[in-house]
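With mmCIF, C-alpha atoms and all ligand atoms inside, this is start.cif:
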data_upload
#
loop_
_atom_site.label_atom_id
_atom_site.label_comp_id
_atom_site.auth_asym_id
_atom_site.auth_seq_id
_atom_site.Cartn_x
_atom_site.Cartn_y
_atom_site.Cartn_z
CA MET O 1 7.68 9.76 18.35
CA PRO O 2 4.43 10.93 19.81
CA GLU O 3 1.48 8.65 19.54
CA ILE O 4 -1.71 10.57 18.95
CA LYS O 5 -5.41 9.84 18.77
CA LEU O 6 -6.16 11.37 15.39
CA LYS O 7 -9.61 12.92 15.12
CA SER O 8 -11.33 13.80 11.87
CA ASP O 9 -12.37 17.36 10.96
CA SER O 10 -16.07 16.55 11.14
CA GLU O 11 -17.82 17.95 14.19
CA ASP O 12 -20.28 15.08 14.32
CA ASP O 13 -17.50 12.44 14.36
CA ASP O 14 -15.86 11.71 17.70
CA THR O 15 -13.89 8.64 16.57
CA HIS O 16 -10.11 8.53 16.57
CA LEU O 17 -7.31 6.55 14.98
CA ARG O 18 -4.22 5.84 17.07
CA VAL O 19 -1.18 6.72 14.92
CA MET O 20 2.34 8.21 15.14
CA ASP O 21 2.69 11.91 14.37
CA ILE O 22 5.95 12.98 12.73
CA ASP O 23 5.75 16.72 12.30
CA GLY O 24 2.18 16.46 11.03
CA TYR O 25 2.74 13.34 8.91
CA PHE O 26 1.08 10.20 10.24
CA ILE O 27 2.31 6.62 10.16
CA PRO O 28 1.14 3.48 12.00
CA THR O 29 2.41 2.58 15.46
CA PHE O 30 4.93 -0.10 14.54
CA PRO O 31 6.25 -2.20 17.45
CA LEU O 32 9.85 -1.04 17.01
CA PRO O 33 11.96 0.44 19.82
CA ASP O 34 13.29 3.91 18.97
CA HIS O 35 10.89 4.01 16.05
CA GLU O 36 11.11 7.77 15.66
CA LYS O 37 14.91 7.67 15.57
CA HIS O 38 14.91 5.01 12.85
CA PHE O 39 12.28 6.79 10.81
CA ARG O 40 14.11 10.10 10.94
CA SER O 41 17.44 8.53 10.03
CA MET O 42 16.07 6.61 7.04
CA ALA O 43 17.01 9.25 4.47
CA GLY O 44 20.67 8.47 5.24
CA TRP O 45 20.50 4.67 4.92
CA ARG O 46 22.62 2.95 2.24
CA ALA O 47 20.88 1.40 -0.73
CA ARG O 48 22.10 -1.37 -3.04
CA SER O 49 21.72 -0.96 -6.78
CA ASP O 50 19.58 -4.09 -7.04
CA ASP O 51 17.09 -2.94 -4.37
CA VAL O 52 13.50 -2.79 -5.59
CA MET O 53 10.77 -0.75 -3.88
CA ILE O 54 7.06 -1.49 -4.09
CA SER O 55 5.40 1.84 -3.39
CA ALA O 56 1.71 2.41 -2.95
CA TYR O 57 -0.90 4.21 -0.94
CA PRO O 58 -2.23 1.66 1.59
CA LYS O 59 -4.72 -0.95 0.40
CA ALA O 60 -3.78 -0.61 -3.27
CA GLY O 61 -2.71 -4.26 -3.49
CA THR O 62 0.83 -3.95 -2.09
CA HIS O 63 0.84 -7.50 -0.65
CA TRP O 64 -0.18 -8.97 -3.97
CA VAL O 65 2.39 -7.10 -6.08
CA TRP O 66 5.13 -7.59 -3.47
CA GLU O 67 4.57 -11.36 -3.58
CA VAL O 68 4.64 -11.42 -7.39
CA VAL O 69 7.80 -9.28 -7.60
CA GLY O 70 9.47 -11.41 -4.90
CA MET O 71 8.88 -14.58 -6.92
CA LEU O 72 9.92 -12.96 -10.19
CA SER O 73 13.16 -11.65 -8.77
CA ARG O 74 14.02 -15.04 -7.25
CA GLN O 75 12.90 -16.62 -10.52
CA LYS O 76 11.08 -19.22 -8.49
CA ALA O 77 7.37 -19.94 -8.32
CA GLU O 78 7.58 -20.59 -4.61
CA ARG O 79 5.67 -19.00 -1.72
CA ILE O 80 7.63 -16.15 -0.11
CA PRO O 81 8.02 -17.35 3.51
CA GLU O 82 8.02 -13.87 5.09
CA ILE O 83 5.17 -11.39 5.30
CA LYS O 84 5.73 -8.07 3.61
CA GLU O 85 5.66 -6.15 6.91
CA THR O 86 9.13 -7.58 7.71
CA VAL O 87 10.58 -5.52 4.84
CA MET O 88 8.46 -2.42 5.11
CA MET O 89 10.72 0.64 5.23
CA GLU O 90 8.81 2.66 7.82
CA GLY O 91 8.51 -0.30 10.20
CA ILE O 92 12.12 -1.49 10.41
CA SER O 93 15.49 -0.31 11.72
CA GLU O 94 18.61 0.48 9.70
CA GLU O 95 20.22 -2.66 11.11
CA THR O 96 17.38 -4.83 9.87
CA PHE O 97 17.53 -3.10 6.48
CA ASP O 98 21.28 -3.73 6.22
CA ASN O 99 20.88 -7.41 7.10
CA ILE O 100 18.29 -8.26 4.45
CA ALA O 101 19.76 -10.52 1.76
CA SER O 102 19.97 -9.20 -1.80
CA PRO O 103 18.04 -8.63 -3.88
CA ARG O 104 15.97 -6.68 -1.37
CA ILE O 105 12.33 -6.38 -2.42
CA MET O 106 11.21 -3.63 -0.07
CA ASN O 107 7.85 -1.95 0.25
CA THR O 108 6.51 1.30 1.59
CA HIS O 109 3.56 3.68 1.75
CA ILE O 110 5.57 6.78 2.69
CA TYR O 111 6.48 9.75 0.52
CA PHE O 112 9.77 9.44 -1.35
CA LYS O 113 11.29 12.36 0.57
CA TYR O 114 11.56 10.11 3.65
CA LEU O 115 13.25 7.20 1.81
CA PRO O 116 17.06 6.76 1.58
CA LYS O 117 18.53 9.40 -0.76
CA ASP O 118 21.00 6.78 -1.87
CA PHE O 119 18.14 4.70 -3.24
CA PHE O 120 17.37 7.43 -5.79
CA ASP O 121 21.05 8.19 -6.48
CA LYS O 122 21.52 4.54 -7.38
CA LYS O 123 18.39 4.66 -9.54
CA CYS O 124 16.89 1.65 -7.80
CA LYS O 125 13.76 0.30 -9.43
CA ILE O 126 10.33 1.29 -8.14
CA VAL O 127 7.05 -0.49 -8.76
CA TYR O 128 4.18 1.89 -8.05
CA VAL O 129 0.75 0.32 -7.43
CA ILE O 130 -2.41 2.38 -7.96
CA ARG O 131 -5.98 1.40 -7.09
CA ASN O 132 -9.22 3.32 -7.42
CA PRO O 133 -9.80 5.35 -4.25
CA LYS O 134 -13.36 4.18 -3.62
CA ASP O 135 -12.24 0.58 -3.20
CA ILE O 136 -9.24 1.83 -1.22
CA ALA O 137 -11.57 3.71 1.16
CA VAL O 138 -13.60 0.54 1.79
CA SER O 139 -10.51 -1.59 2.22
CA PHE O 140 -8.82 0.95 4.54
CA TYR O 141 -12.01 1.25 6.60
CA ASN O 142 -12.00 -2.49 7.23
CA HIS O 143 -8.27 -2.41 7.91
CA HIS O 144 -8.66 0.38 10.47
CA LYS O 145 -11.54 -1.40 12.16
CA LYS O 146 -9.93 -4.82 12.27
CA LEU O 147 -6.40 -3.95 13.37
CA LEU O 148 -6.63 -3.31 17.11
CA GLU O 149 -3.63 -0.93 17.23
CA TYR O 150 -5.80 1.80 15.66
CA GLU O 151 -8.43 1.65 18.45
CA PHE O 152 -11.01 2.44 15.77
CA ASN O 153 -14.53 1.09 15.57
CA GLY O 154 -16.48 3.92 13.98
CA PRO O 155 -19.25 3.85 11.38
CA TRP O 156 -18.66 3.94 7.61
CA GLU O 157 -20.67 7.17 7.35
CA GLY O 158 -18.10 9.24 9.21
CA TYR O 159 -15.18 7.33 7.74
CA VAL O 160 -15.91 8.37 4.13
CA LYS O 161 -15.50 12.00 5.19
CA ARG O 162 -12.36 11.16 7.16
CA PHE O 163 -10.92 9.42 4.10
CA ILE O 164 -11.58 12.46 1.94
CA GLN O 165 -9.92 14.66 4.58
CA GLY O 166 -6.93 12.31 4.72
CA LYS O 167 -7.07 12.14 8.53
CA MET O 168 -5.33 8.80 8.74
CA ASP O 169 -1.94 7.17 8.59
CA TYR O 170 -0.13 8.20 5.37
CA GLY O 171 -2.50 11.14 4.84
CA SER O 172 -4.67 11.77 1.84
CA TRP O 173 -4.95 9.42 -1.15
CA PHE O 174 -5.34 12.48 -3.36
CA ASP O 175 -2.13 14.13 -2.12
CA TYR O 176 -0.19 10.89 -2.41
CA THR O 177 -1.38 10.17 -5.94
CA LEU O 178 -0.68 13.72 -7.14
CA GLU O 179 2.76 13.66 -5.53
CA MET O 180 3.64 10.38 -7.27
CA GLU O 181 2.47 11.83 -10.56
CA ARG O 182 4.68 14.86 -9.98
CA PHE O 183 7.68 12.62 -9.26
CA ILE O 184 7.17 10.66 -12.48
CA LYS O 185 6.77 13.85 -14.52
CA GLU O 186 9.80 15.57 -13.02
CA ASN O 187 12.05 12.51 -13.26
CA PRO O 188 11.77 11.32 -16.84
CA GLY O 189 13.73 8.15 -17.37
CA TYR O 190 13.64 7.13 -13.71
CA PRO O 191 12.98 3.34 -13.59
CA ILE O 192 9.47 3.40 -12.17
CA HIS O 193 6.79 0.98 -13.33
CA VAL O 194 3.13 1.65 -12.73
CA VAL O 195 0.72 -1.22 -12.04
CA LEU O 196 -2.98 -0.69 -11.62
CA TYR O 197 -4.87 -3.05 -9.31
CA GLU O 198 -7.77 -3.09 -11.78
CA ASP O 199 -5.41 -4.11 -14.62
CA MET O 200 -4.01 -6.91 -12.45
CA LYS O 201 -7.55 -8.14 -11.81
CA GLU O 202 -8.42 -7.84 -15.49
CA ASP O 203 -5.41 -9.76 -16.80
CA SER O 204 -2.86 -10.82 -14.21
CA LEU O 205 -0.75 -12.86 -16.67
CA ARG O 206 -0.28 -9.80 -18.88
CA GLU O 207 0.63 -7.63 -15.89
CA ILE O 208 3.05 -10.20 -14.44
CA LYS O 209 4.82 -10.36 -17.82
CA ARG O 210 5.03 -6.57 -17.88
CA LEU O 211 6.55 -6.67 -14.40
CA ALA O 212 9.08 -9.30 -15.51
CA ASP O 213 10.08 -7.11 -18.49
CA PHE O 214 10.54 -4.11 -16.22
CA LEU O 215 12.61 -6.11 -13.75
CA LYS O 216 14.57 -7.60 -16.66
CA VAL O 217 14.01 -11.14 -15.51
CA ASP O 218 13.73 -13.90 -18.00
CA VAL O 219 10.78 -16.10 -17.09
CA SER O 220 8.99 -18.76 -19.10
CA ASP O 221 5.24 -18.62 -19.71
CA GLU O 222 4.98 -21.68 -17.48
CA MET O 223 6.71 -19.86 -14.62
CA VAL O 224 4.46 -16.81 -15.08
CA ARG O 225 1.40 -19.07 -14.88
CA LYS O 226 2.68 -20.73 -11.71
CA ILE O 227 3.46 -17.39 -10.07
CA ASP O 228 0.03 -16.12 -11.05
CA SER O 229 -1.64 -19.15 -9.53
CA LEU O 230 0.34 -18.91 -6.27
CA CYS O 231 -0.56 -15.22 -6.00
CA HIS O 232 -4.25 -15.74 -6.59
CA PHE O 233 -6.33 -14.07 -3.86
CA ASP O 234 -7.77 -17.30 -2.39
CA LYS O 235 -4.39 -18.98 -2.31
CA MET O 236 -2.65 -16.02 -0.69
CA LYS O 237 -5.45 -15.65 1.84
CA LYS O 238 -5.06 -19.28 2.85
CA GLU O 239 -1.29 -19.49 2.82
CA LYS O 240 -0.18 -16.02 3.97
CA ASN O 241 -2.72 -15.40 6.72
CA VAL O 242 -1.09 -18.12 8.81
CA ASN O 243 1.88 -15.78 9.33
CA GLU O 244 -0.27 -13.05 10.91
CA ASP O 245 -0.53 -12.75 14.69
CA PRO O 246 -4.29 -13.21 15.42
CA SER O 247 -4.00 -11.29 18.71
CA GLU O 248 -3.40 -8.08 16.72
CA TRP O 249 -6.79 -8.41 15.04
CA ARG O 250 -10.37 -7.86 16.19
CA ASP O 251 -11.95 -11.19 17.17
CA ASN O 252 -8.55 -12.86 16.61
CA ASN O 253 -9.39 -12.85 12.92
CA PRO O 254 -6.58 -11.60 10.61
CA GLY O 255 -8.14 -9.51 7.85
CA MET O 256 -5.35 -8.49 5.49
CA TYR O 257 -6.95 -10.56 2.71
CA ARG O 258 -10.56 -9.41 2.74
CA LYS O 259 -12.40 -9.62 -0.60
CA GLY O 260 -9.89 -8.84 -3.34
CA GLN O 261 -12.38 -7.47 -5.85
CA VAL O 262 -12.89 -4.43 -8.05
CA ALA O 263 -15.95 -2.26 -7.33
CA ASP O 264 -16.87 -3.67 -3.94
CA TRP O 265 -17.34 0.05 -3.12
CA LYS O 266 -20.75 -0.21 -4.76
CA ASN O 267 -21.85 -2.27 -1.75
CA TRP O 268 -20.74 0.49 0.65
CA PHE O 269 -21.21 3.97 -0.85
CA THR O 270 -24.71 5.43 -0.70
CA ILE O 271 -25.80 7.48 -3.71
CA ALA O 272 -25.19 10.68 -1.73
CA GLN O 273 -21.72 9.54 -0.62
CA ASN O 274 -20.86 8.60 -4.18
CA ASP O 275 -22.00 11.96 -5.51
CA MET O 276 -19.99 13.77 -2.84
CA PHE O 277 -16.91 11.65 -3.60
CA ASN O 278 -17.21 12.20 -7.36
CA THR O 279 -17.42 15.96 -6.89
CA ILE O 280 -14.35 16.02 -4.69
CA TYR O 281 -12.46 13.63 -6.94
CA LYS O 282 -13.13 15.85 -9.95
CA GLU O 283 -11.96 18.92 -8.07
CA LYS O 284 -8.83 17.46 -6.49
CA MET O 285 -7.72 15.42 -9.49
CA ALA O 286 -8.47 18.13 -12.07
CA SER O 287 -4.81 18.48 -13.01
CA SER O 288 -4.13 14.73 -13.01
CA LYS O 289 -3.68 12.56 -16.06
CA VAL O 290 -3.88 9.32 -14.08
CA GLU O 291 -6.59 7.16 -15.59
CA ILE O 292 -8.39 5.21 -12.93
CA ARG O 293 -11.14 2.69 -13.47
CA PHE O 294 -13.74 2.38 -10.73
CA SER O 295 -15.15 -0.80 -12.21
CA LEU O 296 -14.17 -3.30 -14.87
P1 LIG O 301 -9.85 -5.57 -0.08
O1 LIG O 301 -9.90 -5.07 1.31
O2 LIG O 301 -10.67 -4.75 -1.03
O3 LIG O 301 -10.17 -7.03 -0.19
P2 LIG O 301 -2.56 -3.84 0.54
O4 LIG O 301 -1.85 -5.09 0.25
O5 LIG O 301 -1.99 -2.65 -0.17
O6 LIG O 301 -2.74 -3.64 2.01
O7 LIG O 301 -4.01 -3.97 -0.09
C1 LIG O 301 -4.94 -4.84 0.47
C2 LIG O 301 -6.05 -5.09 -0.52
O8 LIG O 301 -5.56 -5.95 -1.57
C3 LIG O 301 -7.20 -5.82 0.12
O9 LIG O 301 -8.35 -5.42 -0.62
C4 LIG O 301 -6.83 -7.27 -0.14
O10 LIG O 301 -7.88 -8.18 -0.01
C5 LIG O 301 -6.33 -7.15 -1.57
N1 LIG O 301 -5.48 -8.26 -1.98
C6 LIG O 301 -4.50 -8.86 -1.28
N2 LIG O 301 -3.97 -9.88 -1.96
C7 LIG O 301 -4.64 -9.94 -3.12
C8 LIG O 301 -4.57 -10.81 -4.25
N3 LIG O 301 -3.71 -11.80 -4.30
N4 LIG O 301 -5.41 -10.58 -5.27
C9 LIG O 301 -6.31 -9.57 -5.24
N5 LIG O 301 -6.43 -8.72 -4.19
C10 LIG O 301 -5.61 -8.91 -3.15
#
What does this structure look like when you write it as C-alpha cells?
Amino acid sequence: MPEIKLKSDSEDDDTHLRVMDIDGYFIPTFPLPDHEKHFRSMAGWRARSDDVMISAYPKAGTHWVWEVVGMLSRQKAERIPEIKETVMMEGISEETFDNIASPRIMNTHIYFKYLPKDFFDKKCKIVYVIRNPKDIAVSFYNHHKKLLEYEFNGPWEGYVKRFIQGKMDYGSWFDYTLEMERFIKENPGYPIHVVLYEDMKEDSLREIKRLADFLKVDVSDEMVRKIDSLCHFDKMKKEKNVNEDPSEWRDNNPGMYRKGQVADWKNWFTIAQNDMFNTIYKEKMASSKVEIRFSL
C-alpha cells in the first residue's frame, strides 16, 4: 500500500500528512506487515453474530464509547486492559480478528463498504458516534500534530481549510456523516444506535443506559454509575494513557486524551474561520437531518 505525503488543495499551504492511499481513500500508516493485503481482504472476513462495531469519524469520542460498551458487554465495571487500537478493523490482520475472544467489541473509522460483508449479513450491532465537526477539527488538528507518524506540524490556519477539503486520513467529515445517514435511511431496522458526544457530555448516565438497552444487557443503576465513573475523562486519561507508547508522540507526550470538552472550538476558530465553516456546513449538510449541537 503506497504511503503518500498528502498535500491540501490550498496553494499557500505546503504542509503534508503522511498516510496510506488505497485507490484515493486514505487511512493511517498502521505498523502492520502486509497492511494493504489485510485491508483489501477485510470484506471477506467472517463475523460472529455477537460482534459489535463502534463506528465514528475520527475524534468523535470513539475511545470513550468503546470503553463504555466494553464494560457493558462484559457486565463488569472494570477497566478494559487493552487500548482500542488493538481491535481497530483497519489496523489489524484477519488472524488477529479471528483470535479475539467473543464478544468482540470492535471499532473503526472506515466506510462500511470496506468492512466484512458477513458482519452486515449477520446483522451485527453498530454503535455510531457523532460529534460536532468544529470540535472534531480541533481535536484532529492536535492529533495530527502530536502523532509523529503523520509528520505534520503545520499551523491551524491552513488546517481548517484542509479539514473542510477532507485532505486527511478517512477523508471528509461531511462525506462520512452523509454516507452514514444514507446507510441508516436505506437500511430501516438495521441494529444501529446513534450516540452524540454532546449528549454523552450532557448526561452520560442517561446515554449509558440507552446503550445498555440497545445492547440488551441488564445492568443495575449502581453498575451504570460505576461504569460512568471509570469512563470519566480524567480517569481515562490517567489510566489509559499508560498503555500508549510515548515514543510515537511529539515530546514523548501521549495526547489521545486532550481536553474532552464541548465547544473548545471557540478557543480556536477566528470569527472569519467560523463564518467560512458555517457557510460550508450549511451548503454541504443542506440535505441532512442530523441535528448537531455546537455547544451545550
Ligand atoms: P479532544 O481532543 O477534544 O479532547 P476519539 O476517541 O474518537 O479519537 O476522540 C478523541 C476525543 O475524545 C478527544 O477530544 C478526547 O479527549 C475525547 N475523549 C476521550 N475520552 C473521553 C472521555 N472519557 N470523556 C470525554 N471525552 C473524551
Proximity of range 158-249 of chain O to range 89-107 of chain O: per-residue shortest pair, 12 Å limit, only C-alpha atoms, as CSV:
residue,atom,partner,partner_atom,distance
O:Asp169,CA,O:Glu90,CA,11.7
O:Tyr170,CA,O:Glu90,CA,10.8
O:Leu215,CA,O:Ile105,CA,11.3
Write out as a Markdown table the residues of chain O that have any atom within 9 Å of an atom of ligand LIG 301 (chain O), one row each with the nearest atom pair and its distance in Å to one decimal, counting all atoms listed in the file, sorted by chain and then rising number.
| residue | atom | partner | partner_atom | distance |
| --- | --- | --- | --- | --- |
| O:Ala56 | CA | O:LIG301 | O5 | 6.9 |
| O:Tyr57 | CA | O:LIG301 | O5 | 7.0 |
| O:Pro58 | CA | O:LIG301 | O5 | 4.7 |
| O:Lys59 | CA | O:LIG301 | O7 | 3.1 |
| O:Ala60 | CA | O:LIG301 | O5 | 4.1 |
| O:Gly61 | CA | O:LIG301 | O7 | 3.7 |
| O:Thr62 | CA | O:LIG301 | O5 | 3.7 |
| O:His63 | CA | O:LIG301 | O4 | 3.7 |
| O:Trp64 | CA | O:LIG301 | N2 | 4.4 |
| O:Val65 | CA | O:LIG301 | O4 | 7.9 |
| O:Trp66 | CA | O:LIG301 | O4 | 8.3 |
| O:Glu67 | CA | O:LIG301 | N3 | 8.3 |
| O:Val68 | CA | O:LIG301 | N3 | 8.9 |
| O:Lys84 | CA | O:LIG301 | O4 | 8.8 |
| O:His109 | CA | O:LIG301 | O5 | 8.6 |
| O:Val129 | CA | O:LIG301 | O5 | 8.3 |
| O:Arg131 | CA | O:LIG301 | O5 | 9.0 |
| O:Asp135 | CA | O:LIG301 | O2 | 6.0 |
| O:Ile136 | CA | O:LIG301 | O2 | 6.7 |
| O:Ala137 | CA | O:LIG301 | O2 | 8.8 |
| O:Val138 | CA | O:LIG301 | O2 | 6.7 |
| O:Ser139 | CA | O:LIG301 | O1 | 3.6 |
| O:Phe140 | CA | O:LIG301 | O1 | 6.9 |
| O:Tyr141 | CA | O:LIG301 | O1 | 8.5 |
| O:Asn142 | CA | O:LIG301 | O1 | 6.8 |
| O:His143 | CA | O:LIG301 | O1 | 7.3 |
| O:Tyr197 | CA | O:LIG301 | N5 | 7.8 |
| O:Met200 | CA | O:LIG301 | C9 | 8.0 |
| O:Lys201 | CA | O:LIG301 | C9 | 6.8 |
| O:Asp228 | CA | O:LIG301 | N3 | 8.8 |
| O:Leu230 | CA | O:LIG301 | N3 | 8.4 |
| O:Cys231 | CA | O:LIG301 | N3 | 5.0 |
| O:His232 | CA | O:LIG301 | N3 | 4.6 |
| O:Phe233 | CA | O:LIG301 | N3 | 3.5 |
| O:Asp234 | CA | O:LIG301 | N3 | 7.1 |
| O:Lys235 | CA | O:LIG301 | N3 | 7.5 |
| O:Met236 | CA | O:LIG301 | N3 | 5.7 |
| O:Lys237 | CA | O:LIG301 | N2 | 7.1 |
| O:Gly255 | CA | O:LIG301 | O10 | 8.0 |
| O:Met256 | CA | O:LIG301 | C4 | 5.9 |
| O:Tyr257 | CA | O:LIG301 | O10 | 3.7 |
| O:Arg258 | CA | O:LIG301 | O3 | 3.8 |
| O:Lys259 | CA | O:LIG301 | O3 | 3.4 |
| O:Gly260 | CA | O:LIG301 | N5 | 3.6 |
| O:Gln261 | CA | O:LIG301 | O2 | 5.8 |
| O:Val262 | CA | O:LIG301 | O2 | 7.4 |
| O:Ala263 | CA | O:LIG301 | O2 | 8.6 |
| O:Asp264 | CA | O:LIG301 | O2 | 6.9 |
| O:Trp265 | CA | O:LIG301 | O2 | 8.5 |
O:Met168, O:Ile83, O:Ile22, O:Ile292: which is nearest Asn241 in chain O, counting all atoms listed in the file?
->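 Closest candidate: O:Ile83.
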Determine, counting all atoms listed in the file, which protein, DNA and RNA residues have an atom within 12 Å of an atom of Gly24 in chain O; residues of the same chain fewer than 5 positions away are not included. Present the result as a list in words.
->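 Residues near the query, excluding close chain neighbours: Met1, Pro2, Glu3, Ile4, Leu6, Val19, Gly166, Lys167, Met168, Asp169, Tyr170 and Gly171 of chain O.
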Write out the residues from the selection above, keeping C-alpha atoms, as a CSV table (one decimal), in the coordinates of the input.
chain,number,residue,atom,x,y,z
O,1,MET,CA,7.7,9.8,18.4
O,2,PRO,CA,4.4,10.9,19.8
O,3,GLU,CA,1.5,8.6,19.5
O,4,ILE,CA,-1.7,10.6,19.0
O,6,LEU,CA,-6.2,11.4,15.4
O,19,VAL,CA,-1.2,6.7,14.9
O,166,GLY,CA,-6.9,12.3,4.7
O,167,LYS,CA,-7.1,12.1,8.5
O,168,MET,CA,-5.3,8.8,8.7
O,169,ASP,CA,-1.9,7.2,8.6
O,170,TYR,CA,-0.1,8.2,5.4
O,171,GLY,CA,-2.5,11.1,4.8
Using all atoms listed in the file, which of O:Ile110, O:Ala272, O:Leu205, O:Leu17 sits nearest Thr29 in chain O?
-> O:Leu17
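Atom pair CA of Met276 in chain O / CA of Ser8 in chain O: separated by 17.1 Å.
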List the neighbours of Trp249 in chain O out to 8 Å using only C-alpha atoms; skip same-chain residues closer than 4 positions along the sequence, and give me the result as a ChimeraX atom specification.
-> /O:146-148,245,253-255
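Each of O:Asp275, O:Glu291, O:Asp175, O:Asp13 was compared to Val194 in chain O using all atoms listed in the file, and O:Glu291 turns out to be the nearest.
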How far is it from CA of Ser73 in chain O to CA of Val217 in chain O, in Å with one decimal?
->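 Between these atoms lies a distance of 6.8 Å.
Interatomic distance, CA of Leu178 in chain O against CA of Ala286 in chain O: 10.2 Å.
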Select, from O:Trp268, O:Phe26, O:Phe174, O:Phe112, the residue with the minimum atom-to-atom distance to Ile54 in chain O, counting all atoms listed in the file.
->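 The closest residue to Ile54 in chain O is O:Phe112.
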Could you name the residues that touch Glu181 in chain O at 8 Å or less, counting all atoms listed in the file, but leaving out those on the same chain fewer than 3 positions away, as a ChimeraX atom specification?
-> /O:177-178,184-185,288,290
Atoms kept (C-alpha atoms) for selection, written as a PDB file, in the coordinates of the input:
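Contents of again-v2.pdb, as written:
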ATOM      1  CA  THR O 177      -1.380  10.170  -5.940  1.00  0.00           C
ATOM      2  CA  LEU O 178      -0.680  13.720  -7.140  1.00  0.00           C
ATOM      3  CA  ILE O 184       7.170  10.660 -12.480  1.00  0.00           C
ATOM      4  CA  LYS O 185       6.770  13.850 -14.520  1.00  0.00           C
ATOM      5  CA  SER O 288      -4.130  14.730 -13.010  1.00  0.00           C
ATOM      6  CA  VAL O 290      -3.880   9.320 -14.080  1.00  0.00           C
TER       7      VAL O 290
END
What's the 10 Å shell around Val219 in chain O, counting only C-alpha atoms, without same-chain residues fewer than 5 positions away, as a VMD selection string?
-> chain O and resid 72 to 73 75 to 76 209 212 to 213 224
Using all atoms listed in the file, pick whichever of O:Tyr25, O:Tyr114, O:Phe277, O:Phe119 has the shortest atom-to-atom distance to Ala43 in chain O.
->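 Closest residue, counting all atoms listed in the file: O:Tyr114.
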Axis-aligned box over every listed atom of range 258-275 of chain O, padded by 4 Å per side: centre and edges in Å to one decimal, as JSON?
{"center_x": -17.8, "center_y": 1.2, "center_z": -2.7, "size_x": 23.9, "size_y": 29.6, "size_z": 18.8}
Nearest-residue call for Glu207 in chain O, choices O:Val69, O:Phe183, O:Lys123, O:Pro155, using all atoms listed in the file =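 The shortest atom-to-atom distance to Glu207 in chain O comes from O:Val69.
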Distance query Leu115 in chain O at most 10 Å, all atoms listed in the file, self and fewer than 6 positions along chain excluded, as a PyMOL selection string | chain O and resi 39-45+47+89-90+108
